[in-house]
Amino acid sequence: MADAAYDGVGDQDLLSRHVDGDTEAFGELVRRHRDRLWAVALRTLGDREEAADAVQDALVSAYRAAHTFRGQSAVTTWLHRITVNACLDRARKTASRRTAPVDDAERLEQLLEPHESAYAPAERSDLHRQLVKALSTLPPDQRAALVLIDMQGYSVAEAASILDVPPGTVKSRCARGRAKLLPLLSHLRTTSRRENEKPGGKRNQSPGASVPPAGAAPDTGATDSTAVKGGGGRA
């Protein structure tokens with residue numbers, strides 16, 4: 001829960017207060033941004049333990065390097081950049097001993113949005129599994145770019161700032177990554193099209209919530225195309 005003492009205090013002011021010796025200010029920054037930092041790390045690495053370690057490393061680095069922040073970007077961009085770099089470092093170090101952690105169903109469930117994990121339709125869960133398995137085949141830099149843009153909803157400019165590369169590099173990484181993913185995921189598009197063409201299928205239904213309320217039986221006949229994009233967004 002956010003500290004009422006920091007209501008209305010901006011991120012940059014919180015960072016400045018931390019540098020000036022406020023022992024609670026950095027904790028408030030963490031509370032504000034940890035969920036999105038965690039989502040980026042988990043989707044980039046596909047492993048809960050690795051993601052947790054990466055976020056911890058990133059926050060320790062940010063805590064110690066706060067005095068170097070010059071306000072040339074938003075604090076959230078700065079935190080994301082540190083987190084992504086920590087993820088990429090871990091991904092590169094473990095690449096030679098990677099053993100397909102995305103095949104672990106328990107870990108895969110954690111890649112779903114928290115409110116989806118219990119009641120999401122079976123097809124949606126399966127789409128996530130296949131998406132994450134395909135993402136694991138990409139080089140870390142391409143994976144990070146796709147996670148930021150296609151799963152977290154950042155713009156190319158924002159992703160470029162987080163990754164500290166030119167926008168053209170982000171576009172190139174995304175294009176190469178999507179080209180590699182297409183053969184692995186194209187069958188999902190065919191499945192979705194067949195569902196839409198069924199009599200009384202989704203095409204003829206009015207839009208509704210993709211996740212049933214608690215206690216309702218999951219609608220296993222629906223397919224949500226947002227799952228192919230990671231179900232993500234920045235909200």
# chains A, B, ... in the order shown; residues from 1 in each chain; ligands from 1
>>> residues_around(residues="Arg178 in chain A", least_positions_apart="2", cutoff="12 Å", atoms="only C-alpha atoms", output="list in words")
Leu131, Ala134, Leu135, Thr137, Leu138, Pro139, Gln142, Arg143, Ala145, Leu146, Val147, Ile149, Asp150, Lys171, Ser172, Arg173, Cys174, Ala175, Arg176, Lys180, Leu181, Leu182, Pro183, Leu184, Leu185, Ser186, Val228 and Lys229 of chain A
>>> residues_around(residues="Arg90 in chain A", least_positions_apart="6", cutoff="10 Å", atoms="only C-alpha atoms", output="ChimeraX atom specification")
/A:45,50-51,53-54,84,140
>>> atom_distance(atom1="CA of Leu88 in chain A", atom2="CA of Ala41 in chain A")
9.3 Å
>>> atom_distance(atom1="CA of Val55 in chain A", atom2="CA of Asp141 in chain A")
17.2 Å
>>> residues_around(residues="Asp11 in chain A", least_positions_apart="4", cutoff="12 Å", atoms="only C-alpha atoms", output="PyMOL selection string")
chain A and resi 6-7+15-18+25-33+66+69+71+73-79
>>> atom_distance(atom1="CA of Ala144 in chain A", atom2="CA of Ala52 in chain A")
16.2 Å
>>> residues_around(residues="range 163-168 of chain A", least_positions_apart="5", cutoff="7 Å", atoms="only C-alpha atoms", output="PyMOL selection string")
chain A and resi 81+156-157
>>> closest_residue(among="A:His80, A:Ser136, A:Ile162, A:Thr94", to="Arg36 in chain A", atoms="only C-alpha atoms")
A:His80
